[in-house]
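Below you'll find the structure, written out as structure tokens, and then a few comments.
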Amino acid sequence: MQIYEELKRRGLIAQVTDEESIKEMVNNGKATFYIGFDCTADSLTAGHFMALTLMKRLQEAGNKPIALIGGGTTMIGDPSGKSDMRKMLTIEDINHNAECFKKQMEKFIDFSDGKALLVNNADWLLDLNYIELLREVGACFSVNNMLRAECYKQRMERGLTFLEFNYMIMQSYDFYHMFKEYNCNMEFGGDDQWSNMLGGTELIRRKLGKDAHAMTITLLTDSQGMKMGKTAGNAVWLDPNKTSPFDFFQYWRNVGDADVIKCLKMLTFLPIEEIEKMESWEGSELNKAKEILAFELTKLVHGEEEATKSLESARAVFSVGSSENMPTTEVSEEDLFNGKIDAIAILVKAGLVATRSEGRRAIEQGGVTINEEKVTDIKLAFTLDEIAAKDFIIKRGKKNFRKIVVK
């Protein structure tokens with residue numbers, strides 16, 4: 001089975017501009033394609049997985065990836081899928097985030113010997129002259145068409161700034177620039193990016209002529225039901241200092257029953273035939289599929305050793321109740337108030353909730369236990385001696401837990 005057919009079989013392709021041409025190029029290793037990553041944080045998240053694994057799949061099939069770091073576009077902010085304007089970052093913040101992205105991408109993409117490129121659109125966008133840009137590309141964009149784009153329609157009621165309105169032009173210019181400079185003939189992105197991506201292909205056609213073959217493909221993403229990368233109000237990061245390998249494993253181990261096969265197809269490199277056999281699995285077999293998913297993705301990001309440790313820890317906790325390898329959170333005198341730390345503060349400290357108000361709701365709804373005893377009093381508090389006296393295990397729900405130890 002060739003790569004394009006495999007992408008479709010895995011449920012990755014949403015819509016394309018010229019399927020026959022794209023299929024021919026991708027299957028024969030002729031595509032030089034790019035995917036953009038705006039630098040809004042100092043780590044990639046689980047939500048970037050689809051793009052990273054796609055780049056790896058296509059590169060292994062002989063195609064050339066370009067990872068575009070959005071040092072320039074991050075200064076504007078993409079309104080796609082956003083209800084409010086994105087927080088503005090400094091150039092220093094953006095540059096730092098870009099460096100962090102590079103290190104994480106190298107786990108998926110082989111940049112050696114020109115097999116892939118990593119470029120930053122700040123290198124060309126920040127030097128553009130506003131008047132020259134308007135004269136060069138302004139006439140290629142219809143305001144009427146732009147306002148019909150889904151990414152802008154979603155923001156019209158709350159207010160769309162002129163700054164954000166320019167994002168489509170900047171993303172389109174990226175494709176135009178890379179088509180000329182790097183022979184980049186294809187752009188991949190999420191389905192919520194479709195209007196922006198079409199803007200790029202249209203700009204290339206209008207500026208360079210109808211023989212300039214530029215194509216776009218969009219992937220199934222969050223807007224089609226794959227809500228990835230968020231748990232307990234926090235992002236699931238690829239950086240082990242922000243999300244531990246065990247927590248990363250647990251996130252994927254806890255995906256919904258309806259999503260596990262979808263995630264296996266889209267995100268792992270297991271043979272598609274092997275995954276399709278799991279589609280009939282139910283009950284304990286479905287839990288096994290979740291375990292396989294968590295192991296495979298943790299191995300991709302953190303290595304096989306960490307994936308194995310996480311798997312063994314999870315099995316020990318759920319099978320025999322052992323706390324030996326359970327993830328821990330330290331508390332100390334600094335965390336005390338009037339000599340004690342309350343259960344809500346422990347939940348927050350352990351990362352099981354994002355805020356005290358969320359912790360209070362979790363207790364009121366009966367979702368918190370300490371040493372297998374349900375917590376009913378939101379004012380319940382402990383001294384350090386009480387915590388240190390024996391294993392102190394706090395759980396939120398059935399699958400999110402921490403062993404609390406005294407520092």
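Chain lettering (A, B, ...) mirrors the order of the structure tokens, residue numbering begins at 1 for each chain separately, and ligand numbering begins at 1 in order of display.
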
What's around A:Cys140 at 8 Å? Count only C-alpha atoms, leave out sequence neighbours fewer than 2 positions away in its own chain, and write the answer as an NGL selection string.
:A and (137-138 or 142 or 202-203 or 206)

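Non-sequential neighbours of stretch 49-52 of chain A (distance at most 8 Å, separation of 6 or more positions within a chain, only C-alpha atoms) are Ile35, Met105, Phe108, Ile109, Gly189, Met266 and Leu267 of chain A.
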
A:Ala31 surroundings by only C-alpha atoms, 6 Å radius, close-in-sequence under 5 positions cut, as number ranges by chain
A: 25-26, 63

Next, the residues of the selection above should be written as a tab-separated table (two decimals), in the first residue's frame with C-alpha atoms.
```tsv
chain	number	residue	atom	x	y	z
A	25	MET	CA	3.70	13.34	-6.04
A	26	VAL	CA	3.42	11.92	-2.53
A	63	ASN	CA	9.26	13.20	0.53
```

Give me, as a PyMOL selection string, all polymer residues having an atom no more than 9 Å from A:Leu89, counting only C-alpha atoms and skipping those fewer than 6 positions away in the same chain.
chain A and resi 40+74-75

Expected file: the selected residues, N, CA and C atoms, as a PDB file, in the first residue's frame:
```
ATOM      1  N   THR A  40       3.796  29.752  20.335  1.00  0.00           N
ATOM      2  CA  THR A  40       3.035  30.395  21.403  1.00  0.00           C
ATOM      3  C   THR A  40       3.413  29.899  22.798  1.00  0.00           C
ATOM      4  N   THR A  74       3.556  34.405  14.645  1.00  0.00           N
ATOM      5  CA  THR A  74       3.208  34.380  16.065  1.00  0.00           C
ATOM      6  C   THR A  74       3.030  35.795  16.605  1.00  0.00           C
ATOM      7  N   MET A  75       3.682  36.767  15.982  1.00  0.00           N
ATOM      8  CA  MET A  75       3.559  38.150  16.428  1.00  0.00           C
ATOM      9  C   MET A  75       2.188  38.741  16.094  1.00  0.00           C
TER      10      MET A  75
END
```

For A:Tyr4, please output as a CSV table (one decimal) with C-alpha atoms, in the first residue's frame all residues within 10 Å (counting only C-alpha atoms; exclusion window: fewer than 5 positions along the same chain).
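What landed in result33.csv:
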```
chain,number,residue,atom,x,y,z
A,9,ARG,CA,-7.0,4.5,5.3
A,10,ARG,CA,-5.8,5.9,8.6
A,12,LEU,CA,-6.0,11.5,8.1
A,13,ILE,CA,-7.1,13.3,4.9
A,19,GLU,CA,-6.1,14.7,-5.4
A,22,ILE,CA,-1.1,15.1,-4.9
A,23,LYS,CA,-1.3,11.3,-4.9
A,24,GLU,CA,1.2,11.0,-7.7
A,25,MET,CA,3.7,13.3,-6.0
A,26,VAL,CA,3.4,11.9,-2.5
A,27,ASN,CA,3.5,8.3,-3.6
A,28,ASN,CA,6.6,8.9,-5.7
A,58,LEU,CA,5.9,11.3,4.5
A,61,ALA,CA,8.2,7.6,2.0
```

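Comparing A:Glu150, A:Glu372, A:Asp174, A:Glu5 by their smallest distance to A:Leu126, the closest is A:Asp174 (using only C-alpha atoms).
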
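Counting only C-alpha atoms and comparing A:Thr298, A:Thr369, A:Thr216, A:Gln104, the residue that lies closest to A:Gln250 is A:Thr298.
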
One decimal place gives the atom CA of A:Pro240-atom CA of A:Leu44 separation as 11.0 Å

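Using only C-alpha atoms, the shortest contact distance between A:Asp18 and any of A:Cys100, A:Lys207, A:Ala214, A:Glu92 is found at A:Ala214.
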
Those of stretch 237-375 of chain A in DSSP strand (DSSP E or B), formatted as a compact mmCIF listing (two decimals) with C-alpha atoms, in the first residue's frame:
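This is the output file result.txt:
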```txt
# COMPACT_ATOMS: atom_id res chain seq x y z
CA TRP A 237 3.33 18.94 26.84
CA THR A 328 4.81 11.47 43.53
CA THR A 329 4.33 15.07 44.57
CA GLU A 330 6.32 16.63 47.39
CA VAL A 331 4.84 18.92 50.04
CA PHE A 337 -1.31 27.33 56.33
CA LYS A 340 -1.71 22.20 57.80
CA ILE A 341 -2.32 21.76 54.07
CA ASP A 342 -5.90 21.20 52.95
CA VAL A 368 -11.84 12.77 45.25
CA THR A 369 -10.48 10.04 47.51
CA ILE A 370 -7.54 9.89 49.91
CA GLU A 373 -11.73 7.07 51.40
CA LYS A 374 -14.02 9.58 49.73
```

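For the choices A:Ala350, A:Ile404, A:Val255, A:Ala149, the atom-to-atom distance to A:Leu286 is smallest for A:Val255 when using only C-alpha atoms.
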